[in-house]
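K.L.:
If it helps, the file is called final12.cif and holds mmCIF, C-alpha atoms and all ligand atoms:
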data_work
#
loop_
_atom_site.label_atom_id
_atom_site.label_comp_id
_atom_site.auth_asym_id
_atom_site.auth_seq_id
_atom_site.Cartn_x
_atom_site.Cartn_y
_atom_site.Cartn_z
CA MET A 1 226.89 85.58 210.57
CA THR A 2 225.06 84.10 207.60
CA THR A 3 222.03 85.88 206.17
CA VAL A 4 219.66 84.55 203.53
CA LEU A 5 217.75 87.33 201.80
CA LYS A 6 214.96 86.84 199.31
CA LEU A 7 214.08 89.60 196.89
CA GLY A 8 210.47 88.98 195.90
CA GLY A 9 209.68 88.62 192.23
CA SER A 10 207.13 91.42 192.59
CA VAL A 11 209.86 93.67 193.98
CA VAL A 12 212.34 93.26 191.15
CA THR A 13 209.90 92.96 188.22
CA GLU A 14 206.75 94.61 186.94
CA LYS A 15 204.67 91.60 187.87
CA ASP A 16 201.75 92.21 185.50
CA SER A 17 203.92 93.02 182.48
CA PRO A 18 205.68 89.96 180.99
CA GLU A 19 209.46 89.87 181.32
CA THR A 20 209.84 93.43 182.55
CA VAL A 21 212.43 94.32 185.19
CA ASP A 22 211.49 97.03 187.70
CA HIS A 23 214.87 98.70 187.30
CA VAL A 24 214.11 101.52 189.73
CA THR A 25 213.23 99.24 192.66
CA LEU A 26 215.89 96.70 191.72
CA ASP A 27 218.51 99.45 191.82
CA GLU A 28 217.22 100.66 195.19
CA VAL A 29 217.43 97.22 196.78
CA ALA A 30 220.83 96.57 195.18
CA ALA A 31 222.08 99.86 196.63
CA ALA A 32 220.78 98.87 200.07
CA VAL A 33 222.55 95.48 199.82
CA GLY A 34 225.77 97.14 198.69
CA ALA A 35 225.66 99.68 201.52
CA GLY A 36 224.73 97.00 204.07
CA LEU A 37 227.69 94.80 203.12
CA GLU A 38 230.05 97.75 203.15
CA THR A 39 228.99 98.62 206.70
CA ASP A 40 229.09 95.02 207.92
CA ASP A 41 231.68 93.06 205.95
CA GLY A 42 231.48 90.18 208.45
CA THR A 43 228.13 89.09 206.99
CA ASP A 44 227.94 86.17 204.59
CA LEU A 45 224.99 87.00 202.38
CA VAL A 46 223.04 84.67 200.10
CA VAL A 47 220.49 86.31 197.82
CA VAL A 48 217.52 84.43 196.35
CA HIS A 49 215.07 86.09 193.98
CA GLY A 50 211.61 85.12 192.87
CA GLY A 51 210.10 84.76 189.43
CA GLY A 52 207.84 87.77 189.09
CA SER A 53 206.83 88.42 185.51
CA PHE A 54 209.71 86.27 184.19
CA GLY A 55 209.06 82.80 185.61
CA HIS A 56 205.38 82.75 186.44
CA HIS A 57 203.97 83.63 183.02
CA HIS A 58 206.01 80.88 181.34
CA ALA A 59 205.12 78.41 184.06
CA ALA A 60 201.41 79.19 183.66
CA ALA A 61 201.63 78.99 179.87
CA HIS A 62 203.06 75.49 180.12
CA GLU A 63 200.75 74.53 183.02
CA VAL A 64 203.72 73.72 185.22
CA THR A 65 203.33 74.22 188.98
CA THR A 66 205.10 73.03 192.10
CA THR A 67 203.18 69.73 191.78
CA ASP A 68 202.20 69.46 188.08
CA GLY A 69 205.29 68.74 186.03
CA THR A 70 206.31 68.59 182.41
CA HIS A 71 208.54 66.27 180.37
CA ASP A 72 208.76 68.90 177.60
CA ALA A 73 212.36 70.13 177.45
CA THR A 74 211.25 73.21 175.52
CA ALA A 75 208.98 74.22 178.39
CA VAL A 76 211.79 73.64 180.90
CA ARG A 77 214.16 75.74 178.81
CA GLU A 78 211.66 78.57 178.42
CA ILE A 79 210.91 78.80 182.15
CA HIS A 80 214.57 78.42 183.13
CA GLY A 81 215.73 80.77 180.37
CA ALA A 82 213.40 83.53 181.57
CA MET A 83 214.64 83.08 185.13
CA GLY A 84 218.23 83.13 183.89
CA ALA A 85 217.58 86.46 182.17
CA LEU A 86 216.13 87.92 185.38
CA ASN A 87 219.07 86.51 187.34
CA GLU A 88 221.44 88.39 185.01
CA ALA A 89 219.57 91.63 185.67
CA VAL A 90 219.77 91.09 189.44
CA LEU A 91 223.50 90.25 189.22
CA ASP A 92 224.13 93.38 187.13
CA ALA A 93 222.30 95.59 189.60
CA LEU A 94 224.12 94.12 192.62
CA SER A 95 227.45 94.30 190.84
CA GLY A 96 226.76 97.96 190.05
CA HIS A 97 226.72 98.60 193.80
CA GLY A 98 229.95 96.78 194.54
CA VAL A 99 228.45 93.41 195.49
CA GLU A 100 230.56 90.40 194.44
CA ALA A 101 227.46 88.61 193.16
CA VAL A 102 227.70 85.29 191.29
CA PRO A 103 224.90 83.13 189.84
CA VAL A 104 223.69 79.75 191.12
CA HIS A 105 221.05 78.07 188.94
CA PRO A 106 218.93 75.55 190.89
CA LEU A 107 218.01 73.55 187.75
CA SER A 108 221.63 72.44 187.51
CA VAL A 109 221.97 71.23 191.10
CA ALA A 110 218.58 70.64 192.75
CA HIS A 111 215.89 67.98 192.36
CA ARG A 112 212.81 66.62 194.11
CA ASN A 113 212.04 63.02 194.95
CA GLU A 114 208.65 61.35 194.40
CA ASP A 115 207.40 62.73 197.72
CA GLY A 116 208.26 66.24 196.56
CA GLU A 117 211.14 66.57 199.00
CA LEU A 118 213.77 69.00 197.81
CA ASP A 119 217.45 68.12 197.57
CA LEU A 120 219.45 71.33 197.09
CA PRO A 121 223.14 70.67 197.76
CA ALA A 122 224.63 73.71 199.47
CA ALA A 123 228.35 72.87 199.53
CA GLY A 124 229.06 75.02 196.47
CA VAL A 125 227.12 77.96 197.92
CA ASP A 126 228.97 77.55 201.21
CA ARG A 127 232.32 77.56 199.42
CA MET A 128 231.32 80.69 197.48
CA LEU A 129 230.51 82.44 200.76
CA ARG A 130 233.86 81.46 202.26
CA GLU A 131 235.59 82.89 199.19
CA GLY A 132 233.82 86.22 199.65
CA PHE A 133 231.18 85.90 196.94
CA VAL A 134 227.48 86.64 197.23
CA PRO A 135 225.68 83.67 195.62
CA VAL A 136 222.47 84.71 193.88
CA LEU A 137 219.92 81.91 193.39
CA HIS A 138 216.45 82.12 191.90
CA GLY A 139 213.12 80.33 191.76
CA ASP A 140 213.44 77.83 188.94
CA VAL A 141 212.17 74.66 187.33
CA VAL A 142 213.82 71.49 188.66
CA ALA A 143 213.76 67.76 187.90
CA HIS A 144 211.09 65.96 189.94
CA GLU A 145 210.97 62.17 190.26
CA GLY A 146 208.11 60.77 188.17
CA LYS A 147 206.87 64.20 187.05
CA GLY A 148 209.56 65.48 184.72
CA ALA A 149 210.19 68.98 186.04
CA THR A 150 208.21 71.19 188.42
CA ILE A 151 208.50 74.73 189.75
CA LEU A 152 210.79 75.38 192.69
CA SER A 153 209.79 78.53 194.56
CA GLY A 154 212.42 80.92 195.82
CA ASP A 155 210.73 80.61 199.21
CA ASP A 156 211.52 76.89 199.30
CA ILE A 157 215.11 77.67 198.30
CA VAL A 158 215.33 80.11 201.21
CA VAL A 159 214.07 77.49 203.67
CA SER A 160 216.41 74.81 202.33
CA LEU A 161 219.50 77.04 202.35
CA ALA A 162 218.69 78.56 205.73
CA GLN A 163 218.68 75.04 207.16
CA SER A 164 221.68 73.60 205.33
CA LEU A 165 223.83 76.72 205.88
CA ALA A 166 222.56 77.08 209.49
CA ALA A 167 221.73 80.70 208.67
CA ASP A 168 221.50 83.20 211.50
CA ARG A 169 219.06 85.54 209.78
CA VAL A 170 216.40 85.22 207.08
CA GLY A 171 214.65 88.08 205.35
CA LEU A 172 211.97 88.30 202.68
CA CYS A 173 211.83 91.65 200.93
CA SER A 174 208.29 91.89 199.56
CA THR A 175 206.07 94.54 197.96
CA VAL A 176 204.08 94.77 201.18
CA PRO A 177 205.49 95.90 204.56
CA GLY A 178 204.74 92.55 206.22
CA VAL A 179 201.86 90.13 206.71
CA LEU A 180 198.76 92.31 206.82
CA ASP A 181 195.61 91.76 208.87
CA GLU A 182 192.07 92.34 207.51
CA ASP A 183 192.44 96.07 208.22
CA GLY A 184 195.71 96.32 206.31
CA SER A 185 197.88 96.70 209.42
CA VAL A 186 201.17 94.82 209.73
CA ILE A 187 200.93 91.78 212.03
CA PRO A 188 204.15 92.02 214.10
CA THR A 189 204.58 88.29 214.83
CA VAL A 190 203.19 85.08 213.30
CA THR A 191 203.76 81.77 215.09
CA ALA A 192 201.11 79.52 213.45
CA PHE A 193 199.45 79.53 210.03
CA GLU A 194 195.98 79.34 211.57
CA ASP A 195 196.59 82.74 213.19
CA VAL A 196 196.69 84.44 209.79
CA ALA A 197 194.81 82.04 207.47
CA ASP A 198 191.75 84.31 207.24
CA ALA A 199 193.78 87.44 206.59
CA LEU A 200 195.85 85.92 203.78
CA GLY A 201 194.17 86.22 200.40
CA GLY A 202 195.64 84.83 197.17
CA SER A 203 198.19 86.73 195.12
CA ASP A 204 196.49 89.09 192.64
CA ALA A 205 198.93 88.51 189.78
CA THR A 206 199.87 85.24 188.06
CA ASP A 207 201.76 83.34 190.75
CA VAL A 208 202.00 79.57 190.61
CA THR A 209 203.66 79.22 193.99
CA GLY A 210 201.07 80.62 196.39
CA GLY A 211 201.71 84.28 197.27
CA MET A 212 201.95 85.37 200.92
CA ALA A 213 200.22 82.25 202.27
CA GLY A 214 202.93 80.10 200.68
CA LYS A 215 205.65 82.31 202.13
CA VAL A 216 204.28 82.11 205.66
CA ARG A 217 203.88 78.34 205.46
CA ALA A 218 207.46 77.96 204.20
CA LEU A 219 208.93 80.28 206.84
CA LEU A 220 207.13 78.53 209.67
CA ASP A 221 209.30 75.49 208.85
CA LEU A 222 212.49 77.36 209.72
CA ASP A 223 214.56 76.98 212.88
CA VAL A 224 215.32 80.72 212.91
CA PRO A 225 212.84 83.62 212.88
CA ALA A 226 212.31 85.21 209.48
CA SER A 227 211.31 88.79 208.71
CA ILE A 228 208.96 89.92 205.93
CA PHE A 229 209.30 93.60 205.03
CA SER A 230 209.17 96.05 202.13
CA PRO A 231 212.13 97.48 200.17
CA ALA A 232 211.94 100.65 202.29
CA ASP A 233 212.95 98.54 205.31
CA LEU A 234 215.71 96.50 203.66
CA SER A 235 218.46 98.71 205.12
CA VAL A 236 216.96 98.31 208.60
CA PHE A 237 216.95 94.52 208.20
CA LEU A 238 220.52 94.43 206.89
CA ALA A 239 221.64 96.57 209.84
CA GLY A 240 220.33 93.87 212.20
CA GLY A 241 216.76 95.10 212.78
CA THR A 242 213.51 93.15 212.54
CA PRO A 243 211.15 95.34 210.49
CA GLY A 244 207.73 94.20 209.28
CA THR A 245 206.44 90.81 210.38
CA VAL A 246 208.56 88.21 212.17
CA VAL A 247 207.51 84.62 211.35
CA ARG A 248 208.63 82.22 214.05
CA GLY A 249 207.65 78.55 213.76
O1 LIG B 1 208.47 83.66 192.67
C1 LIG B 1 208.96 80.94 191.18
O2 LIG B 1 209.66 81.49 192.26
P1 LIG B 1 208.92 82.40 193.33
C2 LIG B 1 209.90 80.66 190.02
O3 LIG B 1 209.92 82.62 194.42
C3 LIG B 1 209.22 80.31 188.74
O4 LIG B 1 207.75 81.60 193.85
C4 LIG B 1 210.07 79.69 187.74
C5 LIG B 1 207.96 80.50 188.47
#
Would you put the structure from the file into structure tokens?

P.N.:
Amino acid sequence: MTTVLKLGGSVVTEKDSPETVDHVTLDEVAAAVGAGLETDDGTDLVVVHGGGSFGHHHAAAHEVTTTDGTHDATAVREIHGAMGALNEAVLDALSGHGVEAVPVHPLSVAHRNEDGELDLPAAGVDRMLREGFVPVLHGDVVAHEGKGATILSGDDIVVSLAQSLAADRVGLCSTVPGVLDEDGSVIPTVTAFEDVADALGGSDATDVTGGMAGKVRALLDLDVPASIFSPADLSVFLAGGTPGTVVRG
């Protein structure tokens, strides 16, 4: 059983305060991951985390998005460096709860072609899983044919890895308990973007990769259903449940 779990950038950071880890929530989700793996040691778990207040502020400052690139190595290093620092914090938290977490930095292995198609080789991640590690990837800046380097969202990493690892389960741990309708109630199932287009507003903090709308679009591309839920439901998800919203393309 292979599970790909994304920890949203807004979950693990104070999203409106530059380069600030939300240590309380990060520790809670790390504890849930540690307990989940202890209960079910047959699960191969890949963790991906978003940028939150680490990646997005630097990306915005350098005007780098998923489609607008930069050839400025300093900009690339600043965005990647911030994400590396957040990755360290996530690794530390997971390690503190007994998770054999190791880093995987997309900048070093992934790239996009001129059509924007992502190539993220997964053989190394697969080997890590087989050796009992929990690979921890993150949204990053990656080389992009003809554009220098652009932003790679953690959501796109999740989709790519879920496909190349033939994952059985995909979960997005977000600050909200699922995809919400206009009344703020969780929509149990989403099967087409048009069903929720009106309900999905933009993200309210600096987010160059599209907030909830971007997540739903990315998850609709998957072969397996994906769950979107809040940290309070992470244990339920890891125990095999489907809390929050299930996105099924
Ligand atoms: O928060 C974005 O990842 P996301 C990463 O998963 C950067 O969209 C570098 C802004």

K.L.:
Please compute the atom CA of A:Gly241-atom CA of A:Ala167 distance, one decimal, in Å.

P.N.:
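Distance reported for this atom pair: 15.8 Å.
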
K.L.:
Would you mind reading off the distance between atom CA of A:Met1 and atom CA of A:Leu45, one decimal, in Å?

P.N.:
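Interatomic distance, atom CA of A:Met1 to atom CA of A:Leu45: 8.5 Å.
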
K.L.:
So that each row is one residue of chain A with an atom at most 7 Å from ligand LIG 1 (chain B), can you give its shortest atom pair and the distance in Å to one decimal, using only C-alpha atoms and all ligand atoms, rows by chain and rising number, as a tab-separated table?

P.N.:
residue	atom	partner	partner_atom	distance
A:Gly8	CA	B:LIG1	O1	6.5
A:Gly9	CA	B:LIG1	O1	5.1
A:His49	CA	B:LIG1	O3	6.2
A:Gly50	CA	B:LIG1	O3	3.4
A:Gly51	CA	B:LIG1	O1	3.8
A:Gly52	CA	B:LIG1	O1	5.5
A:Gly55	CA	B:LIG1	C5	3.8
A:His56	CA	B:LIG1	C5	4.0
A:Ala59	CA	B:LIG1	C5	5.6
A:Ile79	CA	B:LIG1	C4	5.7
A:His80	CA	B:LIG1	C4	6.6
A:Met83	CA	B:LIG1	C4	6.3
A:His138	CA	B:LIG1	O2	6.8
A:Gly139	CA	B:LIG1	C2	3.7
A:Asp140	CA	B:LIG1	C4	4.0
A:Val141	CA	B:LIG1	C4	5.5
A:Ile151	CA	B:LIG1	C4	5.6
A:Leu152	CA	B:LIG1	C2	6.0
A:Ser153	CA	B:LIG1	O2	3.8
A:Gly154	CA	B:LIG1	O3	3.3
A:Asp155	CA	B:LIG1	O3	5.3
A:Asp207	CA	B:LIG1	O4	7.0
A:Val208	CA	B:LIG1	C5	6.4
A:Thr209	CA	B:LIG1	O4	4.7

K.L.:
My list of candidates is A:Ser53, A:Gln163, A:Ser95, A:Thr175. Which is closest to A:Asp119 when distances are computed with only C-alpha atoms?

P.N.:
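When distances to A:Asp119 are compared using only C-alpha atoms, the smallest one comes from A:Gln163.
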
K.L.:
My list of candidates is A:Ile187, A:Cys173, A:Leu129, A:Ala82. Which is closest to A:Leu238 when distances are computed with only C-alpha atoms?

P.N.:
A:Cys173

K.L.:
As a list in words, please: the residues near A:Gly244 (cut-off 7 Å, all atoms listed in the file, same-chain neighbours under 6 positions excluded).

P.N.:
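Listed by chain and then number, they are Pro177, Gly178, Val186, Pro188, Ser227, Ile228 and Phe229 of chain A.
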
K.L.:
State, in Å with one decimal place, the distance from atom CA of A:Asp126 to atom CA of A:Val102.

P.N.:
12.6 Å

K.L.:
Add whatever atoms are absent from stretch 110-121 of chain A to reach all heavy atoms, and provide the output as a PDB file, keeping the file's coordinate frame.

P.N.:
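Below you can see result_33.pdb, which holds the result:
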ATOM      1  N   ALA A 110     219.631  71.070 191.820  1.00  0.00           N
ATOM      2  CA  ALA A 110     218.580  70.640 192.750  1.00  0.00           C
ATOM      3  C   ALA A 110     217.632  69.649 192.069  1.00  0.00           C
ATOM      4  O   ALA A 110     217.516  69.599 190.843  1.00  0.00           O
ATOM      5  CB  ALA A 110     217.777  71.847 193.230  1.00  0.00           C
ATOM      6  N   HIS A 111     216.940  68.845 192.883  1.00  0.00           N
ATOM      7  CA  HIS A 111     215.890  67.980 192.360  1.00  0.00           C
ATOM      8  C   HIS A 111     214.932  67.629 193.480  1.00  0.00           C
ATOM      9  O   HIS A 111     215.224  67.846 194.668  1.00  0.00           O
ATOM     10  CB  HIS A 111     216.481  66.695 191.737  1.00  0.00           C
ATOM     11  CG  HIS A 111     217.170  65.817 192.720  1.00  0.00           C
ATOM     12  ND1 HIS A 111     216.582  64.709 193.289  1.00  0.00           N
ATOM     13  CD2 HIS A 111     218.408  65.899 193.274  1.00  0.00           C
ATOM     14  CE1 HIS A 111     217.434  64.146 194.126  1.00  0.00           C
ATOM     15  NE2 HIS A 111     218.548  64.842 194.139  1.00  0.00           N
ATOM     16  N   ARG A 112     213.769  67.078 193.096  1.00  0.00           N
ATOM     17  CA  ARG A 112     212.810  66.620 194.110  1.00  0.00           C
ATOM     18  C   ARG A 112     212.576  65.130 193.923  1.00  0.00           C
ATOM     19  O   ARG A 112     212.549  64.622 192.796  1.00  0.00           O
ATOM     20  CB  ARG A 112     211.467  67.336 193.920  1.00  0.00           C
ATOM     21  CG  ARG A 112     211.428  68.763 194.435  1.00  0.00           C
ATOM     22  CD  ARG A 112     209.969  69.147 194.626  1.00  0.00           C
ATOM     23  NE  ARG A 112     209.801  70.496 195.078  1.00  0.00           N
ATOM     24  CZ  ARG A 112     209.481  71.512 194.283  1.00  0.00           C
ATOM     25  NH1 ARG A 112     209.327  71.319 192.983  1.00  0.00           N
ATOM     26  NH2 ARG A 112     209.314  72.714 194.782  1.00  0.00           N
ATOM     27  N   ASN A 113     212.368  64.433 195.046  1.00  0.00           N
ATOM     28  CA  ASN A 113     212.040  63.020 194.950  1.00  0.00           C
ATOM     29  C   ASN A 113     210.534  62.835 194.758  1.00  0.00           C
ATOM     30  O   ASN A 113     209.793  63.815 194.664  1.00  0.00           O
ATOM     31  CB  ASN A 113     212.562  62.246 196.181  1.00  0.00           C
ATOM     32  CG  ASN A 113     211.839  62.619 197.466  1.00  0.00           C
ATOM     33  OD1 ASN A 113     210.765  63.211 197.430  1.00  0.00           O
ATOM     34  ND2 ASN A 113     212.426  62.263 198.597  1.00  0.00           N
ATOM     35  N   GLU A 114     210.062  61.589 194.723  1.00  0.00           N
ATOM     36  CA  GLU A 114     208.650  61.350 194.400  1.00  0.00           C
ATOM     37  C   GLU A 114     207.704  61.898 195.467  1.00  0.00           C
ATOM     38  O   GLU A 114     206.529  62.132 195.201  1.00  0.00           O
ATOM     39  CB  GLU A 114     208.368  59.875 194.126  1.00  0.00           C
ATOM     40  CG  GLU A 114     208.587  58.973 195.311  1.00  0.00           C
ATOM     41  CD  GLU A 114     208.235  57.515 194.997  1.00  0.00           C
ATOM     42  OE1 GLU A 114     207.502  57.284 194.027  1.00  0.00           O
ATOM     43  OE2 GLU A 114     208.715  56.641 195.731  1.00  0.00           O
ATOM     44  N   ASP A 115     208.222  62.121 196.666  1.00  0.00           N
ATOM     45  CA  ASP A 115     207.400  62.730 197.720  1.00  0.00           C
ATOM     46  C   ASP A 115     207.448  64.259 197.671  1.00  0.00           C
ATOM     47  O   ASP A 115     206.872  64.927 198.537  1.00  0.00           O
ATOM     48  CB  ASP A 115     207.863  62.253 199.092  1.00  0.00           C
ATOM     49  CG  ASP A 115     207.658  60.751 199.251  1.00  0.00           C
ATOM     50  OD1 ASP A 115     206.642  60.243 198.724  1.00  0.00           O
ATOM     51  OD2 ASP A 115     208.522  60.100 199.869  1.00  0.00           O
ATOM     52  N   GLY A 116     208.167  64.783 196.691  1.00  0.00           N
ATOM     53  CA  GLY A 116     208.260  66.240 196.560  1.00  0.00           C
ATOM     54  C   GLY A 116     209.314  66.864 197.437  1.00  0.00           C
ATOM     55  O   GLY A 116     209.413  68.094 197.514  1.00  0.00           O
ATOM     56  N   GLU A 117     210.106  66.015 198.126  1.00  0.00           N
ATOM     57  CA  GLU A 117     211.140  66.570 199.000  1.00  0.00           C
ATOM     58  C   GLU A 117     212.294  67.119 198.173  1.00  0.00           C
ATOM     59  O   GLU A 117     212.765  66.467 197.241  1.00  0.00           O
ATOM     60  CB  GLU A 117     211.650  65.491 199.964  1.00  0.00           C
ATOM     61  CG  GLU A 117     210.594  65.088 200.988  1.00  0.00           C
ATOM     62  CD  GLU A 117     210.886  63.743 201.641  1.00  0.00           C
ATOM     63  OE1 GLU A 117     211.787  63.008 201.174  1.00  0.00           O
ATOM     64  OE2 GLU A 117     210.171  63.421 202.611  1.00  0.00           O
ATOM     65  N   LEU A 118     212.723  68.307 198.562  1.00  0.00           N
ATOM     66  CA  LEU A 118     213.770  69.000 197.810  1.00  0.00           C
ATOM     67  C   LEU A 118     215.157  68.593 198.267  1.00  0.00           C
ATOM     68  O   LEU A 118     215.433  68.538 199.465  1.00  0.00           O
ATOM     69  CB  LEU A 118     213.589  70.521 198.025  1.00  0.00           C
ATOM     70  CG  LEU A 118     214.667  71.430 197.436  1.00  0.00           C
ATOM     71  CD1 LEU A 118     214.705  71.333 195.915  1.00  0.00           C
ATOM     72  CD2 LEU A 118     214.435  72.873 197.890  1.00  0.00           C
ATOM     73  N   ASP A 119     216.029  68.333 197.303  1.00  0.00           N
ATOM     74  CA  ASP A 119     217.450  68.120 197.570  1.00  0.00           C
ATOM     75  C   ASP A 119     218.206  69.244 196.863  1.00  0.00           C
ATOM     76  O   ASP A 119     218.275  69.260 195.635  1.00  0.00           O
ATOM     77  CB  ASP A 119     217.885  66.740 197.059  1.00  0.00           C
ATOM     78  CG  ASP A 119     219.350  66.453 197.376  1.00  0.00           C
ATOM     79  OD1 ASP A 119     220.040  67.346 197.906  1.00  0.00           O
ATOM     80  OD2 ASP A 119     219.806  65.332 197.084  1.00  0.00           O
ATOM     81  N   LEU A 120     218.697  70.193 197.648  1.00  0.00           N
ATOM     82  CA  LEU A 120     219.450  71.330 197.090  1.00  0.00           C
ATOM     83  C   LEU A 120     220.820  71.353 197.762  1.00  0.00           C
ATOM     84  O   LEU A 120     220.981  71.922 198.852  1.00  0.00           O
ATOM     85  CB  LEU A 120     218.689  72.643 197.366  1.00  0.00           C
ATOM     86  CG  LEU A 120     219.386  73.959 196.998  1.00  0.00           C
ATOM     87  CD1 LEU A 120     219.742  74.013 195.532  1.00  0.00           C
ATOM     88  CD2 LEU A 120     218.499  75.140 197.366  1.00  0.00           C
ATOM     89  N   PRO A 121     221.818  70.712 197.138  1.00  0.00           N
ATOM     90  CA  PRO A 121     223.140  70.670 197.760  1.00  0.00           C
ATOM     91  C   PRO A 121     223.680  72.085 197.955  1.00  0.00           C
ATOM     92  O   PRO A 121     223.603  72.914 197.043  1.00  0.00           O
ATOM     93  CB  PRO A 121     223.997  69.907 196.733  1.00  0.00           C
ATOM     94  CG  PRO A 121     223.010  69.187 195.867  1.00  0.00           C
ATOM     95  CD  PRO A 121     221.781  70.046 195.834  1.00  0.00           C
TER      96      PRO A 121
END
